[in-house]
Every structure is written in structure tokens, then in C-alpha cells.
Amino acid sequence: MTELLTAAQMRAIEQAAIDSGEVTGLELMERAGQGVLDAILTEWPELRRVGETHRAVVLCGPGNNGGDGFVVARLLKEAGWAVEVFLYGDVEKLPPDAKVNYERWLPLGQTITLGFPIADAASVELFMLSASSLPELQNTPNDLGPKPFFLIDALFGTGLSRPISGLNDLCAQWDYLTNFRDLNASRVIAIDIPSGLDTDSGLELYEGGANPNAFAVLAADLTVTFHRMKLGHVLSRGPVFSGKTIVVDIGL
């Protein structure tokens with residue numbers, strides 16, 4: 001039986017490899033990003049056709065999962081894709097490796113900040129205009145580029161241990177996008193685990209209080225995880241939100 005890991009176990013494995021000097025955090029991030037690209041091209045081999053332009057919208061978060069997203073954005077751009085990047089986070093507070101990959105992305109394209117810690121409505125609307133080809137959600141369909149396209153969830157990954165906060169509007173809009181993904185001609189790719197899904201239980205991390213967030217998980221068609229599958233990929237609602245899960249070897 002394939003070994004399943006908790007979030008803490010995966011962090012310990014990565015840290016042990018870094019502490020041993022066998023690999024750096026930046027190298028692991030680069031391998032993860034390349035693994036995501038390879039998984040996409042394996043799952044959809046028609047994307048390899050020469051002479052066609054494809055499109056991706058990458059949603060990066062405030063931690064190292066966001067750093068993976070910047071690597072994916074850069075590699076897709078270098079492969080000739082049209083790429084848009086949105087950041088939910090404070091650039092000055094990004095972890096060191098994520099900050100390096102943010103800076104590596106900058107010469108290639110713009111990064112639109114959603115606002116942090118509470119995403120502002122105007123920025124979320126910009127994300128929706130980019131992340132949808134549905135006529136009722138945008139005004140100039142010809143400006144959205146070639147279709148179909150991919151939404152890359154690099155928001156939180158396995159590092160999330162509490163409900164998504166400050167992103168209620170975006171989560172609700174994402175739920176709309178994923179419910180109509182076939183009409184929207186899009187595919188959703190989660191890096192490591194769908195954001196909002198508990199890595200150890202496979203349960204949604206709902207935000208409680210007076211206005212609970214009813215759309216706590218960014219559901220994916222394909223989840224690309226690293227080294228081993230996590231408990232959350234197979235338990236409870238994990239398989240529903242993860243879609244197909246592919247494990248990528250990053251040399252740990």
C-alpha cells in the first residue's frame with residue numbers, strides 16, 4: 001500500500017533534506033514547478049502541439065505554495081503560454097524562496113495583487129474577468145486570449161491549517177467557475193492539495209462566525225502533489241475536491 005503522509009510529516013521530510021545539504025529550498029521549488037508543468041502536459045498531451053498558444057491564470061498565495069506558483073508561471077511563459085498572475089499576499093513578507101521566484105517572474109509579466117489580508121472586491125473582479133470566458137462575466141471576450149485555459153491554484157496547499165480568511169468573495173466566485181467549468185472551457189490545477197482542504201482529514205476548513213464561508217475549498221480537476229500522497233487526498237471529501245491526483249518525485 002502506498003504510504004500516505006500528514007502535513008507535518010511532509011514538512012519534516014523536506015526540512016531534513018534541506019538540513020542535510022542534499023538540496024536547497026529553491027531547488028525543491030523549481031522541481032515542484034517543473035513537475036506541475038510535466039503533469040499538465042502528460043494529462044493533456046495535445047498541449048504539446050507546436051504553433052498553438054495556450055493560456056493560464058495563476059493564483060499565488062502568501063507562502064511557499066505561492067512560490068511554486070511563480071515557478072509554474074515562469075515555466076509556462078517560457079514555453080510560450082499566455083500567463084496572468086494574481087497574488088494574495090504581501091510581497092515584502094513572502095518567504096525567502098517564494099520571494100526569489102516572485103522576482104524571477106517579474107521580468108516576464110505583471111503580478112496583480114488581490115489585497116491582503118482581505119481581498120478587495122475590485123481586484124477579485126479583475127481575477128474573475130481573467131479567469132472566465134463566460135459572456136456574463138466579462139465584457140471583451142476577444143481580449144481573454146486562446147481557449148481552453150487553465151486555472152492554477154497555488155494559494156495555500158498543505159500549509160493551511162485554518163479556514164481561508166479574507167477571501168470569501170473569491171471563494172464564492174471560484175465555486176461558480178468550477179460548477180460551470182465545462183461551459184467555461186477551463187481546467188483547474190491544484191498545487192499539492194486544493195486550497196481550503198485539510199491535508200490530514202480531507203475535510204473542508206470552513207470559516208465560521210456570523211458570515212460563514214460556504215465555499216471553503218478551491219475544487220480541482222487535477223491535483224499535483226509531491227513525494228507522496230497526503231491523507232487529505234483520499235479521506236472524506238478529499239477525492240471529490242482533488243479530482244485526479246498525480247504524485248511527482250522531487251528527489252526527496
# chains A, B, ... in the order shown; residues from 1 in each chain; ligands from 1
call {"tool": "residues_around", "arguments": {"residues": "Trp44 of chain A", "least_positions_apart": "6", "cutoff": "12 Å", "atoms": "only C-alpha atoms", "output": "ChimeraX atom specification"}}
result
/A:37-38,54,148-150,187,189,221-222
call {"tool": "write_last_selection", "arguments": {"atoms": "N, CA and C atoms", "output": "short mmCIF file (atom, residue, chain, number, x, y, z; two decimals), in the first residue's frame"}}
result
data_model
loop_
_atom_site.label_atom_id
_atom_site.label_comp_id
_atom_site.auth_asym_id
_atom_site.auth_seq_id
_atom_site.Cartn_x
_atom_site.Cartn_y
_atom_site.Cartn_z
N LEU A 37 4.25 21.39 -14.43
CA LEU A 37 4.20 21.56 -15.89
C LEU A 37 4.21 20.21 -16.58
N ASP A 38 5.09 19.31 -16.16
CA ASP A 38 5.17 17.98 -16.79
C ASP A 38 3.86 17.22 -16.62
N HIS A 54 -1.36 28.60 -25.56
CA HIS A 54 -2.29 28.24 -24.50
C HIS A 54 -2.22 29.30 -23.40
N PRO A 148 -9.04 26.37 -24.76
CA PRO A 148 -9.32 26.41 -23.33
C PRO A 148 -8.12 26.94 -22.54
N PHE A 149 -8.35 27.18 -21.26
CA PHE A 149 -7.26 27.67 -20.45
C PHE A 149 -7.27 27.01 -19.09
N PHE A 150 -6.24 27.29 -18.31
CA PHE A 150 -6.03 26.61 -17.05
C PHE A 150 -5.96 27.61 -15.90
N ARG A 187 -9.77 24.30 -17.02
CA ARG A 187 -9.39 23.20 -16.16
C ARG A 187 -8.64 23.77 -14.97
N ILE A 189 -6.06 23.31 -11.84
CA ILE A 189 -4.93 22.52 -11.37
C ILE A 189 -4.55 23.00 -9.97
N ASP A 221 -9.63 19.91 -10.98
CA ASP A 221 -9.73 18.77 -11.90
C ASP A 221 -8.53 17.86 -11.73
N LEU A 222 -7.37 18.46 -11.49
CA LEU A 222 -6.12 17.72 -11.35
C LEU A 222 -5.34 18.32 -10.19
#
call {"tool": "closest_atom_pairs", "arguments": {"of": "segment 79-164 of chain A", "to": "segment 7-26 of chain A", "cutoff": "10 Å", "atoms": "only C-alpha atoms", "output": "tab-separated table"}}
result
residue	atom	partner	partner_atom	distance
A:Pro96	CA	A:Leu26	CA	9.0
A:Asp97	CA	A:Leu26	CA	5.6
A:Ala98	CA	A:Leu26	CA	8.2
A:Val100	CA	A:Leu26	CA	8.3
A:Asn101	CA	A:Leu26	CA	8.4
A:Gly157	CA	A:Ala7	CA	9.7
A:Thr158	CA	A:Ala7	CA	5.9
A:Gly159	CA	A:Ala7	CA	7.2
A:Leu160	CA	A:Ala7	CA	9.1
A:Ser161	CA	A:Ala7	CA	9.2
call {"tool": "closest_residue", "arguments": {"among": "A:Arg48, A:His233, A:Arg228, A:Arg31", "to": "Glu3 of chain A", "atoms": "only C-alpha atoms"}}
result
A:Arg228
call {"tool": "closest_residue", "arguments": {"among": "A:Leu203, A:Leu126, A:Val248, A:Leu197", "to": "Gln34 of chain A", "atoms": "only C-alpha atoms"}}
result
A:Val248
